[in-house]
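Text of work-v1.cif, listed as mmCIF, C-alpha atoms:
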```
data_final
loop_
_atom_site.label_atom_id
_atom_site.label_comp_id
_atom_site.auth_asym_id
_atom_site.auth_seq_id
_atom_site.Cartn_x
_atom_site.Cartn_y
_atom_site.Cartn_z
CA MET X 591 14.11 11.04 -0.74
CA ALA X 592 11.74 12.20 -3.49
CA LYS X 593 8.07 11.40 -2.96
CA MET X 594 7.07 8.36 -4.98
CA LYS X 595 4.01 8.71 -7.20
CA VAL X 596 1.71 5.73 -6.72
CA LEU X 597 -1.70 7.01 -7.82
CA SER X 598 -2.76 9.76 -10.20
CA SER X 599 -3.79 13.07 -8.59
CA ALA X 600 -7.48 12.29 -9.14
CA ARG X 601 -7.23 8.79 -7.64
CA LYS X 602 -5.17 10.13 -4.75
CA ARG X 603 -7.94 12.64 -3.93
CA ALA X 604 -10.54 9.87 -4.13
CA PHE X 605 -8.44 7.64 -1.88
CA ASP X 606 -8.16 10.29 0.84
CA SER X 607 -11.71 11.64 0.49
CA VAL X 608 -14.54 11.21 2.97
CA PRO X 609 -16.68 8.24 1.82
CA LYS X 610 -19.76 9.12 -0.21
CA LEU X 611 -22.41 6.98 1.42
CA THR X 612 -25.27 5.63 -0.65
CA LYS X 613 -28.80 5.69 0.78
CA GLU X 614 -28.57 1.96 1.50
CA ALA X 615 -25.17 2.32 3.18
CA SER X 616 -26.42 5.21 5.32
CA ILE X 617 -29.33 3.12 6.58
CA GLY X 618 -26.92 0.41 7.68
CA TYR X 619 -24.18 2.62 9.13
CA PHE X 620 -26.49 4.96 11.05
CA THR X 621 -28.77 2.29 12.50
CA LEU X 622 -28.36 2.22 16.28
CA ASP X 623 -27.44 -1.31 17.28
CA VAL X 624 -27.48 -2.39 20.92
CA GLU X 625 -23.78 -1.79 21.58
CA THR X 626 -23.81 1.64 19.93
CA LYS X 627 -26.84 2.63 22.00
CA LYS X 628 -25.01 1.65 25.19
CA ILE X 629 -22.04 3.80 24.22
CA LEU X 630 -24.19 6.78 23.23
CA ASN X 631 -26.29 6.59 26.40
CA LYS X 632 -23.15 7.34 28.43
CA MET X 633 -22.64 10.61 26.54
CA GLN X 634 -24.24 13.78 27.87
CA SER X 635 -23.42 15.98 24.88
CA ASP X 636 -25.54 15.77 21.72
CA VAL X 637 -22.56 17.08 19.76
CA ALA X 638 -20.46 14.16 20.99
CA LYS X 639 -23.22 11.72 20.02
CA VAL X 640 -23.44 13.07 16.47
CA GLY X 641 -19.66 13.17 16.14
CA TYR X 642 -19.41 9.59 17.30
CA LEU X 643 -22.10 8.33 14.94
CA VAL X 644 -20.67 10.07 11.86
CA SER X 645 -17.09 8.99 12.70
CA LYS X 646 -18.29 5.42 13.18
CA ALA X 647 -20.10 5.46 9.82
CA TYR X 648 -17.01 6.71 8.01
CA PHE X 649 -14.86 4.15 9.81
CA GLN X 650 -17.18 1.32 8.79
CA ALA X 651 -17.05 2.52 5.18
CA LYS X 652 -13.32 3.23 4.87
CA GLY X 653 -11.55 1.83 7.91
CA ARG X 654 -10.19 5.24 8.87
CA PHE X 655 -11.06 8.53 10.54
CA PHE X 656 -11.52 12.08 9.25
CA GLU X 657 -11.41 15.56 10.73
CA THR X 658 -14.76 16.99 11.76
CA SER X 659 -14.37 19.85 9.27
CA ARG X 660 -14.63 17.29 6.48
CA PHE X 661 -17.90 15.76 7.67
CA ILE X 662 -20.60 15.95 4.98
CA ASP X 663 -23.71 17.94 5.96
CA ALA X 664 -26.06 15.24 4.70
CA ASP X 665 -24.34 12.68 6.95
CA ILE X 666 -24.58 15.00 9.96
CA LYS X 667 -28.31 15.40 9.30
CA THR X 668 -28.70 11.63 8.99
CA ALA X 669 -26.99 11.16 12.35
CA ILE X 670 -29.21 13.81 13.96
CA LYS X 671 -32.31 12.07 12.58
CA ALA X 672 -31.10 8.64 13.76
CA LEU X 673 -30.60 10.07 17.24
CA SER X 674 -34.04 11.77 17.19
CA LEU X 675 -32.48 15.09 18.19
CA LYS X 676 -34.50 18.27 17.91
CA SER X 677 -31.85 20.87 18.72
CA THR X 678 -29.39 22.40 16.24
CA ILE X 679 -25.98 20.72 16.34
CA ASP X 680 -22.81 22.78 15.93
CA LEU X 681 -19.90 20.39 15.37
CA SER X 682 -17.39 23.24 15.65
CA THR X 683 -17.60 22.53 19.41
CA TYR X 684 -16.66 18.87 18.86
CA SER X 685 -13.17 19.09 20.35
CA PRO X 686 -10.12 17.16 19.06
CA GLU X 687 -9.75 15.63 22.53
CA VAL X 688 -13.27 14.20 22.41
CA ALA X 689 -12.74 13.03 18.80
CA SER X 690 -9.51 11.26 19.79
CA ARG X 691 -11.18 9.55 22.74
CA GLN X 692 -14.10 8.43 20.60
CA LYS X 693 -11.76 7.12 17.94
CA LYS X 694 -10.37 4.72 20.55
CA GLN X 695 -13.93 3.72 21.50
CA ILE X 696 -14.83 2.98 17.88
CA LEU X 697 -11.69 0.91 17.36
CA ALA X 698 -12.46 -1.03 20.53
CA GLN X 699 -16.10 -1.51 19.48
CA TYR X 700 -14.97 -3.27 16.28
CA ASN X 701 -11.85 -4.86 17.79
CA TRP X 702 -9.43 -2.96 15.53
CA GLN X 703 -5.93 -1.66 16.24
CA ALA X 704 -4.92 1.98 15.95
CA MET X 705 -2.16 2.94 13.53
CA THR X 706 0.95 2.88 15.73
CA SER X 707 4.67 2.27 15.29
CA ASN X 708 3.99 -1.46 15.78
CA THR X 709 1.28 -1.68 13.13
CA THR X 710 3.38 0.50 10.79
CA ALA X 711 6.18 -2.05 11.20
CA LEU X 712 3.72 -4.83 10.26
CA LEU X 713 2.76 -2.98 7.09
CA ALA X 714 6.42 -2.30 6.28
CA ALA X 715 7.26 -6.00 6.60
CA HIS X 716 4.34 -6.92 4.35
CA ALA X 717 5.44 -4.27 1.83
CA ASP X 718 8.93 -5.83 1.78
CA SER X 719 7.42 -9.20 0.86
CA LEU X 720 5.41 -7.58 -1.96
CA VAL X 721 8.50 -5.83 -3.35
CA SER X 722 10.31 -9.16 -3.52
CA ILE X 723 7.71 -10.50 -5.97
CA ARG X 724 7.93 -7.32 -8.06
CA MET X 725 4.36 -6.16 -7.44
CA ASN X 726 3.80 -2.75 -9.02
CA LYS X 727 3.32 0.30 -6.80
CA GLU X 728 -0.43 0.75 -7.30
CA ASP X 729 -1.23 -2.92 -6.73
CA MET X 730 1.00 -2.83 -3.66
CA LEU X 731 -0.95 0.09 -2.22
CA PHE X 732 -4.26 -1.74 -2.47
CA ALA X 733 -2.68 -4.98 -1.26
CA LEU X 734 -1.62 -3.07 1.87
CA VAL X 735 -5.14 -1.67 2.26
CA SER X 736 -6.52 -5.24 2.05
CA TYR X 737 -3.92 -6.31 4.60
CA CYS X 738 -5.21 -3.61 6.99
CA TRP X 739 -8.79 -4.84 6.60
CA MET X 740 -7.70 -8.43 7.13
CA ARG X 741 -5.60 -7.63 10.21
CA ARG X 742 -8.13 -5.07 11.54
CA VAL X 743 -5.61 -2.25 11.50
CA GLU X 744 -6.66 1.38 11.09
CA ILE X 745 -6.08 2.36 7.46
CA PRO X 746 -3.60 5.25 7.17
CA ALA X 747 -3.70 8.18 4.76
CA TYR X 748 -2.31 7.98 1.23
CA ASN X 749 0.99 9.70 2.05
CA GLN X 750 1.70 7.23 4.85
CA PHE X 751 1.24 4.34 2.42
CA VAL X 752 3.54 6.07 -0.08
CA ASP X 753 6.26 6.41 2.57
CA ILE X 754 5.96 2.71 3.43
CA ILE X 755 6.06 1.63 -0.23
CA SER X 756 8.91 3.98 -1.12
CA THR X 757 10.99 2.77 1.82
CA ALA X 758 10.30 -0.85 0.87
CA PHE X 759 11.53 -0.34 -2.70
CA HIS X 760 14.67 1.52 -1.63
CA SER X 761 15.47 -0.91 1.17
CA TYR X 762 15.06 -3.94 -1.08
CA GLU X 763 17.19 -2.42 -3.82
CA THR X 764 19.91 -1.51 -1.31
CA ARG X 765 19.91 -5.04 0.17
CA MET X 766 20.20 -6.64 -3.25
CA LEU X 767 22.99 -4.30 -4.36
CA ASP X 768 24.88 -4.93 -1.13
CA LEU X 769 24.55 -8.70 -1.60
CA VAL X 770 25.80 -8.46 -5.17
CA GLU X 771 28.73 -6.33 -4.04
CA GLU X 772 29.62 -8.83 -1.30
CA SER X 773 29.16 -11.91 -3.47
CA LEU X 774 30.92 -10.91 -6.67
CA SER X 775 34.65 -11.41 -6.83
CA LEU X 776 36.75 -8.98 -8.84
CA LYS X 777 37.05 -11.64 -11.55
CA LYS X 778 33.26 -12.03 -11.80
CA LYS X 779 32.75 -8.27 -11.89
CA LYS X 780 35.14 -8.00 -14.82
CA SER X 781 33.38 -10.89 -16.51
CA LEU X 782 30.01 -9.15 -16.20
CA LEU X 783 31.37 -5.87 -17.49
CA GLN X 784 32.81 -7.66 -20.49
CA PHE X 785 29.48 -9.44 -20.97
CA PHE X 786 27.49 -6.21 -21.24
CA SER X 787 30.17 -4.56 -23.32
CA ALA X 788 30.29 -7.45 -25.75
CA GLN X 789 26.51 -7.72 -26.09
CA SER X 790 25.57 -4.04 -26.12
CA HIS X 791 25.98 -3.77 -29.90
CA LEU X 792 23.69 -6.79 -30.40
CA TYR X 793 20.95 -6.33 -27.80
CA SER X 794 19.52 -3.59 -25.63
CA ILE X 795 19.16 -4.16 -21.87
CA ARG X 796 15.40 -4.44 -22.44
CA GLU X 797 15.91 -7.24 -24.97
CA LEU X 798 18.32 -9.08 -22.70
CA LYS X 799 15.97 -9.16 -19.72
CA ARG X 800 12.75 -10.13 -21.52
CA ILE X 801 11.82 -13.17 -23.53
CA ASP X 802 9.65 -12.23 -26.52
CA GLN X 803 6.52 -14.41 -26.60
CA GLY X 804 6.21 -14.26 -30.40
CA LEU X 805 6.30 -17.46 -32.46
CA GLY X 806 7.96 -16.12 -35.58
CA GLN X 807 11.23 -17.70 -36.70
CA ARG X 808 13.21 -14.48 -36.24
CA ILE X 809 11.97 -14.06 -32.65
CA LEU X 810 12.61 -17.71 -31.82
CA ASN X 811 16.16 -17.43 -33.16
CA GLN X 812 16.77 -14.27 -31.14
CA ASN X 813 15.43 -15.88 -27.95
CA ALA X 814 17.68 -18.88 -28.49
CA ALA X 815 20.70 -16.62 -29.00
CA ILE X 816 19.94 -14.66 -25.80
CA LEU X 817 19.49 -17.88 -23.81
CA LYS X 818 22.84 -19.07 -25.08
CA VAL X 819 24.46 -15.82 -23.97
CA PHE X 820 22.99 -16.18 -20.49
CA GLY X 821 23.81 -19.88 -20.33
CA GLU X 822 27.51 -19.11 -20.68
CA HIS X 823 27.41 -17.11 -17.42
CA PHE X 824 24.64 -18.77 -15.43
CA PHE X 825 26.60 -21.49 -13.65
CA GLU X 826 29.48 -19.15 -12.91
CA LEU X 827 27.12 -16.72 -11.17
CA SER X 828 24.63 -19.20 -9.65
CA PRO X 829 26.12 -18.85 -6.10
CA VAL X 830 25.28 -15.14 -6.28
CA TYR X 831 21.67 -15.82 -7.31
CA LYS X 832 21.23 -18.26 -4.44
CA LYS X 833 22.63 -15.82 -1.90
CA MET X 834 20.29 -13.06 -3.08
CA GLY X 835 17.27 -15.32 -2.66
CA LEU X 836 15.44 -13.80 -5.63
CA THR X 837 11.90 -14.94 -6.34
CA ASP X 838 10.96 -15.95 -9.88
CA GLU X 839 9.17 -12.61 -10.22
CA GLY X 840 12.21 -10.79 -8.85
CA VAL X 841 14.48 -12.36 -11.45
CA LEU X 842 12.26 -11.03 -14.22
CA GLY X 843 11.78 -7.62 -12.64
CA ILE X 844 14.02 -4.60 -12.52
CA PHE X 845 14.95 -2.42 -9.58
CA PRO X 846 13.90 1.22 -9.90
CA SER X 847 17.08 3.29 -10.17
CA LYS X 848 15.24 6.37 -8.94
CA VAL X 849 11.84 7.26 -7.56
CA THR X 850 9.43 8.91 -9.96
#
```
Kindly present the structure from the file in structure tokens form.
Amino acid sequence: MAKMKVLSSARKRAFDSVPKLTKEASIGYFTLDVETKKILNKMQSDVAKVGYLVSKAYFQAKGRFFETSRFIDADIKTAIKALSLKSTIDLSTYSPEVASRQKKQILAQYNWQAMTSNTTALLAAHADSLVSIRMNKEDMLFALVSYCWMRRVEIPAYNQFVDIISTAFHSYETRMLDLVEESLSLKKKKSLLQFFSAQSHLYSIRELKRIDQGLGQRILNQNAAILKVFGEHFFELSPVYKKMGLTDEGVLGIFPSKVT
């Protein structure tokens, strides 16, 4: 399956980037509250303390975690200052094992869930509901991000969202096509083919699926003619519409024939 493009390259980089903390945000995120102090006091390594504090700040800002190599120097210095450390801190010794363990601690501290197969399934189900109302890909991405914040689920990387959205579109299209195939008799299929063949010289597919909002007499006449064309087939095909369970938005939308 080709990779779906949801955001521009620049917006994709911004989405996956380490948060750029303002001075005000840094003051809030690096302040040592009572619970954080308790957690830090159990750590013997200054490196672990700095790693924890920076990871926690980034999590508070973006709901996700980043590799130590991507930590911003200014944020590391802010963490060192907040911890009143005098020694030089080398985060190259902050091991992946410690980072993984601390990630679990941070999630527990804020009562969030890690991104797992179960939470991925939740996002996939929500994405399916968004596809059914014909939400565009970019809006769907940010709706899923909002869903993560609301459900306190660790926010995944951009490519994980793209996989979820792409699968949702393809799955929905496949389900609808299968339902149409099952519901249409041979007679109805022939009727539809004749319909498009008969109308193709009068209207484009775009004209047939959209109602022009103009108020001019020519546009009103064209809309009336298109409604008449559809009216001749609506009642014959209404059992198919009901079986598909299309939303109002879904009726007006189109299924993507290929991923771009």
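Atom CA of X:Arg742 to atom CA of X:Leu643 spans 19.7 Å [interatomic distance, one decimal].
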With all atoms listed in the file as the atoms that count, which of X:Ser677, X:Met594, X:Asp606, X:Asp768 lies nearest to X:Tyr748?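 Among the listed residues, X:Asp606 lies closest to X:Tyr748.
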Between atom CA of X:Ala704 and atom CA of X:Ile679 - distance in Å to one decimal: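 Atom-to-atom, atom CA of X:Ile679 and atom CA of X:Ala704 are spaced 28.2 Å apart.
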How would you write, as a PyMOL selection string, the residues chosen by the PyMOL selection byres ((chain X and resi 642) around 12) on this structure? chain X and resi 619-620+622+626-627+629-633+635-641+643-649+655-658+661+665-666+669-670+673+681+684-685+688-697+699
Print the selection's residues with C-alpha atoms to a file, as an mmCIF file, in the frame of the given file.
```cif
data_model
loop_
_atom_site.group_PDB
_atom_site.id
_atom_site.type_symbol
_atom_site.label_atom_id
_atom_site.label_comp_id
_atom_site.auth_asym_id
_atom_site.auth_seq_id
_atom_site.Cartn_x
_atom_site.Cartn_y
_atom_site.Cartn_z
ATOM 1 C CA TYR X 619 -24.180 2.620 9.130
ATOM 2 C CA PHE X 620 -26.490 4.960 11.050
ATOM 3 C CA LEU X 622 -28.360 2.220 16.280
ATOM 4 C CA THR X 626 -23.810 1.640 19.930
ATOM 5 C CA LYS X 627 -26.840 2.630 22.000
ATOM 6 C CA ILE X 629 -22.040 3.800 24.220
ATOM 7 C CA LEU X 630 -24.190 6.780 23.230
ATOM 8 C CA ASN X 631 -26.290 6.590 26.400
ATOM 9 C CA LYS X 632 -23.150 7.340 28.430
ATOM 10 C CA MET X 633 -22.640 10.610 26.540
ATOM 11 C CA SER X 635 -23.420 15.980 24.880
ATOM 12 C CA ASP X 636 -25.540 15.770 21.720
ATOM 13 C CA VAL X 637 -22.560 17.080 19.760
ATOM 14 C CA ALA X 638 -20.460 14.160 20.990
ATOM 15 C CA LYS X 639 -23.220 11.720 20.020
ATOM 16 C CA VAL X 640 -23.440 13.070 16.470
ATOM 17 C CA GLY X 641 -19.660 13.170 16.140
ATOM 18 C CA LEU X 643 -22.100 8.330 14.940
ATOM 19 C CA VAL X 644 -20.670 10.070 11.860
ATOM 20 C CA SER X 645 -17.090 8.990 12.700
ATOM 21 C CA LYS X 646 -18.290 5.420 13.180
ATOM 22 C CA ALA X 647 -20.100 5.460 9.820
ATOM 23 C CA TYR X 648 -17.010 6.710 8.010
ATOM 24 C CA PHE X 649 -14.860 4.150 9.810
ATOM 25 C CA PHE X 655 -11.060 8.530 10.540
ATOM 26 C CA PHE X 656 -11.520 12.080 9.250
ATOM 27 C CA GLU X 657 -11.410 15.560 10.730
ATOM 28 C CA THR X 658 -14.760 16.990 11.760
ATOM 29 C CA PHE X 661 -17.900 15.760 7.670
ATOM 30 C CA ASP X 665 -24.340 12.680 6.950
ATOM 31 C CA ILE X 666 -24.580 15.000 9.960
ATOM 32 C CA ALA X 669 -26.990 11.160 12.350
ATOM 33 C CA ILE X 670 -29.210 13.810 13.960
ATOM 34 C CA LEU X 673 -30.600 10.070 17.240
ATOM 35 C CA LEU X 681 -19.900 20.390 15.370
ATOM 36 C CA TYR X 684 -16.660 18.870 18.860
ATOM 37 C CA SER X 685 -13.170 19.090 20.350
ATOM 38 C CA VAL X 688 -13.270 14.200 22.410
ATOM 39 C CA ALA X 689 -12.740 13.030 18.800
ATOM 40 C CA SER X 690 -9.510 11.260 19.790
ATOM 41 C CA ARG X 691 -11.180 9.550 22.740
ATOM 42 C CA GLN X 692 -14.100 8.430 20.600
ATOM 43 C CA LYS X 693 -11.760 7.120 17.940
ATOM 44 C CA LYS X 694 -10.370 4.720 20.550
ATOM 45 C CA GLN X 695 -13.930 3.720 21.500
ATOM 46 C CA ILE X 696 -14.830 2.980 17.880
ATOM 47 C CA LEU X 697 -11.690 0.910 17.360
ATOM 48 C CA GLN X 699 -16.100 -1.510 19.480
#
```
Quick one: of X:Val608, X:Val596, X:Ala698, X:Leu713, who's nearest to X:Glu625, counting all atoms listed in the file?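 Closest to X:Glu625, using all atoms listed in the file: X:Ala698.
Distance-wise, atom CA of X:Glu728 and atom CA of X:Val752 end up 9.8 Å apart.
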When you count only C-alpha atoms, which of these residues is closest to X:Pro746: X:Leu810, X:Ile617, X:Leu731, X:Ile662?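 For X:Pro746, the nearest of the candidates is X:Leu731.
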Between X:Ala714, X:Leu776, X:Ala672, X:Ala733, which is the closest to X:Asp753 once you count only C-alpha atoms?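 For X:Asp753, the nearest of the candidates is X:Ala714.
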Which residue out of X:Lys652, X:Lys593, X:Asp663, X:Ser598 has the minimum interatomic distance to X:His760 when all atoms listed in the file are used?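 Ranking X:Lys652, X:Lys593, X:Asp663, X:Ser598 by distance to X:His760, first place goes to X:Lys593.
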